[in-house]
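Student: Let me give you the structure first, and then I'll get to my questions.
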Amino acid sequence: MIAVIAVLAGAGIALLAGGHAEAAAEEAARHLAADLAYAQADALAKGSARSVVFEVDAERYEIQATDNGAILTHPVSKRPFEVDLAGLFPGISLDLVSADFSGATTLTFAPNGTPQAGGTVTVGAARHRFRVSVADGTGRVEIEALAAAGSDPEDPVAD
């Protein structure tokens with residue numbers, strides 16, 4: 001009886017995680033957008049360049065002082081400003097699908113708050129993908145839901 005309950009509970013958790021994948025992917029995109037806005041504002045406020053360094057294979061990013069590469073301190077947690085997407089939502093596998101800023105995986109904001117180059121970052125969970133775009137010149141950040149991966153026969157899901 002206990003084994004049956006454990007199996008059913010495990011199946012329920014898996015079902016809930018799958019049902020919340022889209023919401024988790026969207027929240028990860030919003031979290032990223034807020035972090036990009038912070039890096040831009042901090043560059044402007046301190047008059048010092050800031051870089052957001054994406055490690056796509058490791059599913060993480062960090063915000064650094066561009067001049068010395070030191071990781072900034074998060075203003076709330078007072079810990080290093082490092083974000084591990086895999087740990088944002090326990091039970092839901094988030095992916096840092098891609099980061100591209102004119103061929104680089106680093107977004108740098110100049111001391112006046114403008115990005116060195118615009119570009120995009122794509123995050124996802126299960127088949128759900130969201131693109132976070134940073135406009136060249138202004139640094140304006142926008143979030144866009146993409147078609148679910150695998151919904152096009154030419155684009156199979158690689159989970």
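Letters for chains follow the order of the structure tokens (A, B, ...), residue numbers begin at 1 for each chain, and ligand numbers begin at 1 in the order shown.
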Can you tell me which residues surround A:Thr120 at a distance of at most 8 Å, considering only C-alpha atoms, apart from same-chain residues fewer than 6 positions away, and format the answer as JSON, numbers by chain?
Tutor: {"A": [98, 99, 100, 101, 131, 132, 133, 134]}
Student: With C-alpha atoms retained, export the selected residues as a short mmCIF file (atom, residue, chain, number, x, y, z; two decimals), in the first residue's frame.
Tutor:
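Just written: again.cif:
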data_model
loop_
_atom_site.label_atom_id
_atom_site.label_comp_id
_atom_site.auth_asym_id
_atom_site.auth_seq_id
_atom_site.Cartn_x
_atom_site.Cartn_y
_atom_site.Cartn_z
CA SER A 98 21.26 30.43 -26.00
CA ALA A 99 22.90 33.82 -25.51
CA ASP A 100 24.06 35.90 -28.46
CA PHE A 101 25.33 39.47 -28.39
CA ARG A 131 13.40 35.14 -25.69
CA VAL A 132 14.76 38.12 -23.78
CA SER A 133 15.94 40.77 -26.24
CA VAL A 134 18.22 43.70 -25.47
#
Student: Please, which residues in stretch 116-146 of chain A fall within 12 Å of stretch 44-52 of chain A when counting only C-alpha atoms, and what is the closest atom pair and distance in Å to one decimal for each, ordered by chain then residue number, as CSV?
Tutor:
residue,atom,partner,partner_atom,distance
A:Gln116,CA,A:Ser51,CA,9.7
A:Ala117,CA,A:Ser51,CA,11.5
A:Val121,CA,A:Val52,CA,11.2
A:Val134,CA,A:Val52,CA,11.9
A:Gly139,CA,A:Leu44,CA,11.8
Student: DSSP on the backbone, helix (DSSP H, G or I) only: what residues of stretch 16-130 of chain A does that give? Format it as JSON, numbers by chain.
Tutor: {"A": [16, 17, 18, 19, 21, 22, 23, 24, 25, 26, 27, 28, 29, 30, 31, 32, 33, 34, 35, 36, 37, 38, 39, 40, 41, 42, 43, 44, 45, 46, 56, 57, 58, 85, 86, 87]}
Student: What does the structure give for the distance between atom CA of A:Thr66 and atom CA of A:Glu27, in Å to one decimal?
Tutor: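 Straight-line distance from atom CA of A:Thr66 to atom CA of A:Glu27 works out to 27.1 Å.
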Student: Could you name the residues that touch A:Leu96 at 12 Å or less, counting only C-alpha atoms, but leaving out those on the same chain fewer than 4 positions away, as a PDB file with C-alpha atoms, in the first residue's frame?
Tutor:
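Final output, part-v5.pdb:
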ATOM      1  CA  ALA A  25      10.171  29.463 -18.130  1.00  0.00           C
ATOM      2  CA  ALA A  28      12.938  32.780 -15.476  1.00  0.00           C
ATOM      3  CA  ALA A  29      12.745  35.192 -18.429  1.00  0.00           C
ATOM      4  CA  LEU A  32      16.652  37.566 -16.252  1.00  0.00           C
ATOM      5  CA  PHE A  54      26.321  33.782 -19.722  1.00  0.00           C
ATOM      6  CA  GLU A  55      27.582  30.215 -19.422  1.00  0.00           C
ATOM      7  CA  VAL A  56      25.072  28.426 -21.653  1.00  0.00           C
ATOM      8  CA  ASP A  57      26.369  24.890 -21.058  1.00  0.00           C
ATOM      9  CA  ALA A  58      26.310  25.408 -17.283  1.00  0.00           C
ATOM     10  CA  GLU A  59      22.790  26.985 -17.320  1.00  0.00           C
ATOM     11  CA  ARG A  60      24.010  30.044 -15.407  1.00  0.00           C
ATOM     12  CA  TYR A  61      24.996  33.704 -15.601  1.00  0.00           C
ATOM     13  CA  VAL A  83      22.195  32.883 -11.071  1.00  0.00           C
ATOM     14  CA  ASP A  84      21.965  29.140 -11.600  1.00  0.00           C
ATOM     15  CA  LEU A  85      18.826  28.497 -13.643  1.00  0.00           C
ATOM     16  CA  ALA A  86      18.785  24.836 -12.614  1.00  0.00           C
ATOM     17  CA  LEU A  88      15.534  28.577  -9.526  1.00  0.00           C
ATOM     18  CA  ASP A 100      24.057  35.902 -28.461  1.00  0.00           C
ATOM     19  CA  THR A 105      27.872  35.277 -24.825  1.00  0.00           C
ATOM     20  CA  THR A 120      19.094  37.899 -27.232  1.00  0.00           C
ATOM     21  CA  VAL A 121      18.990  35.257 -24.544  1.00  0.00           C
ATOM     22  CA  THR A 122      16.587  32.320 -24.753  1.00  0.00           C
ATOM     23  CA  VAL A 123      15.457  30.401 -21.678  1.00  0.00           C
ATOM     24  CA  GLY A 124      13.147  27.435 -21.540  1.00  0.00           C
ATOM     25  CA  ALA A 125      11.589  24.591 -19.626  1.00  0.00           C
ATOM     26  CA  ALA A 126      10.337  21.432 -21.326  1.00  0.00           C
ATOM     27  CA  HIS A 128       8.401  26.230 -23.648  1.00  0.00           C
ATOM     28  CA  ARG A 129      10.818  28.959 -24.717  1.00  0.00           C
ATOM     29  CA  PHE A 130      11.036  32.688 -24.002  1.00  0.00           C
ATOM     30  CA  ARG A 131      13.398  35.139 -25.685  1.00  0.00           C
ATOM     31  CA  VAL A 132      14.761  38.117 -23.778  1.00  0.00           C
TER      32      VAL A 132
END
Student: What's around A:Gly137 at 12 Å? Count only C-alpha atoms, leave out sequence neighbours fewer than 3 positions away in its own chain, and write the answer as a JSON list (two decimals) with N, CA and C atoms, in the first residue's frame.
Tutor:
[["chain", "number", "residue", "atom", "x", "y", "z"],
["A", 108, "THR", "N", 27.69, 43.56, -22.31],
["A", 108, "THR", "CA", 28.39, 44.59, -21.54],
["A", 108, "THR", "C", 27.67, 45.92, -21.67],
["A", 109, "PHE", "N", 27.41, 46.53, -20.52],
["A", 109, "PHE", "CA", 26.84, 47.87, -20.47],
["A", 109, "PHE", "C", 27.96, 48.86, -20.19],
["A", 110, "ALA", "N", 28.06, 49.89, -21.03],
["A", 110, "ALA", "CA", 29.06, 50.94, -20.85],
["A", 110, "ALA", "C", 28.71, 51.77, -19.61],
["A", 112, "ASN", "N", 27.75, 54.65, -19.37],
["A", 112, "ASN", "CA", 26.55, 55.48, -19.57],
["A", 112, "ASN", "C", 25.28, 54.62, -19.69],
["A", 113, "GLY", "N", 25.40, 53.30, -19.47],
["A", 113, "GLY", "CA", 24.24, 52.41, -19.47],
["A", 113, "GLY", "C", 23.85, 51.83, -20.82],
["A", 114, "THR", "N", 24.56, 52.21, -21.88],
["A", 114, "THR", "CA", 24.21, 51.65, -23.20],
["A", 114, "THR", "C", 24.94, 50.32, -23.40],
["A", 115, "PRO", "N", 24.28, 49.38, -24.07],
["A", 115, "PRO", "CA", 24.94, 48.09, -24.30],
["A", 115, "PRO", "C", 25.99, 48.22, -25.40],
["A", 116, "GLN", "N", 27.06, 47.46, -25.26],
["A", 116, "GLN", "CA", 28.08, 47.43, -26.30],
["A", 116, "GLN", "C", 27.49, 46.87, -27.59],
["A", 117, "ALA", "N", 26.59, 45.90, -27.44],
["A", 117, "ALA", "CA", 25.89, 45.30, -28.58],
["A", 117, "ALA", "C", 24.58, 44.74, -28.07],
["A", 118, "GLY", "N", 23.53, 44.89, -28.87],
["A", 118, "GLY", "CA", 22.26, 44.27, -28.52],
["A", 118, "GLY", "C", 22.32, 42.79, -28.79],
["A", 119, "GLY", "N", 21.27, 42.09, -28.40],
["A", 119, "GLY", "CA", 21.24, 40.65, -28.65],
["A", 119, "GLY", "C", 20.09, 39.99, -27.93],
["A", 134, "VAL", "N", 17.64, 42.44, -25.93],
["A", 134, "VAL", "CA", 18.22, 43.70, -25.47],
["A", 134, "VAL", "C", 18.49, 44.54, -26.71],
["A", 140, "ARG", "N", 17.01, 48.64, -24.07],
["A", 140, "ARG", "CA", 15.63, 48.29, -23.71],
["A", 140, "ARG", "C", 15.46, 46.77, -23.77],
["A", 141, "VAL", "N", 14.83, 46.21, -22.73],
["A", 141, "VAL", "CA", 14.65, 44.77, -22.62],
["A", 141, "VAL", "C", 13.21, 44.40, -22.90]]
Student: How far is it from atom CA of A:Asp95 to atom CA of A:Ala37, in Å with one decimal?
Tutor: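 Here the two named atoms are 20.8 Å from each other.
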Student: Would you please work out which residue, of A:Ser93, A:Thr106, A:Ile143, A:Ala41, is nearest to A:Gln64 when using only C-alpha atoms?
Tutor: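 Smallest distance to A:Gln64 is found for A:Thr106.
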Student: I'd like to know which residues of chain A are strand (DSSP E) (by DSSP, run on the backbone); could you write them as number ranges by chain?
Tutor: A: 50-55, 60-65, 82-84, 94-100, 106-109, 119-125, 128-134, 141-145
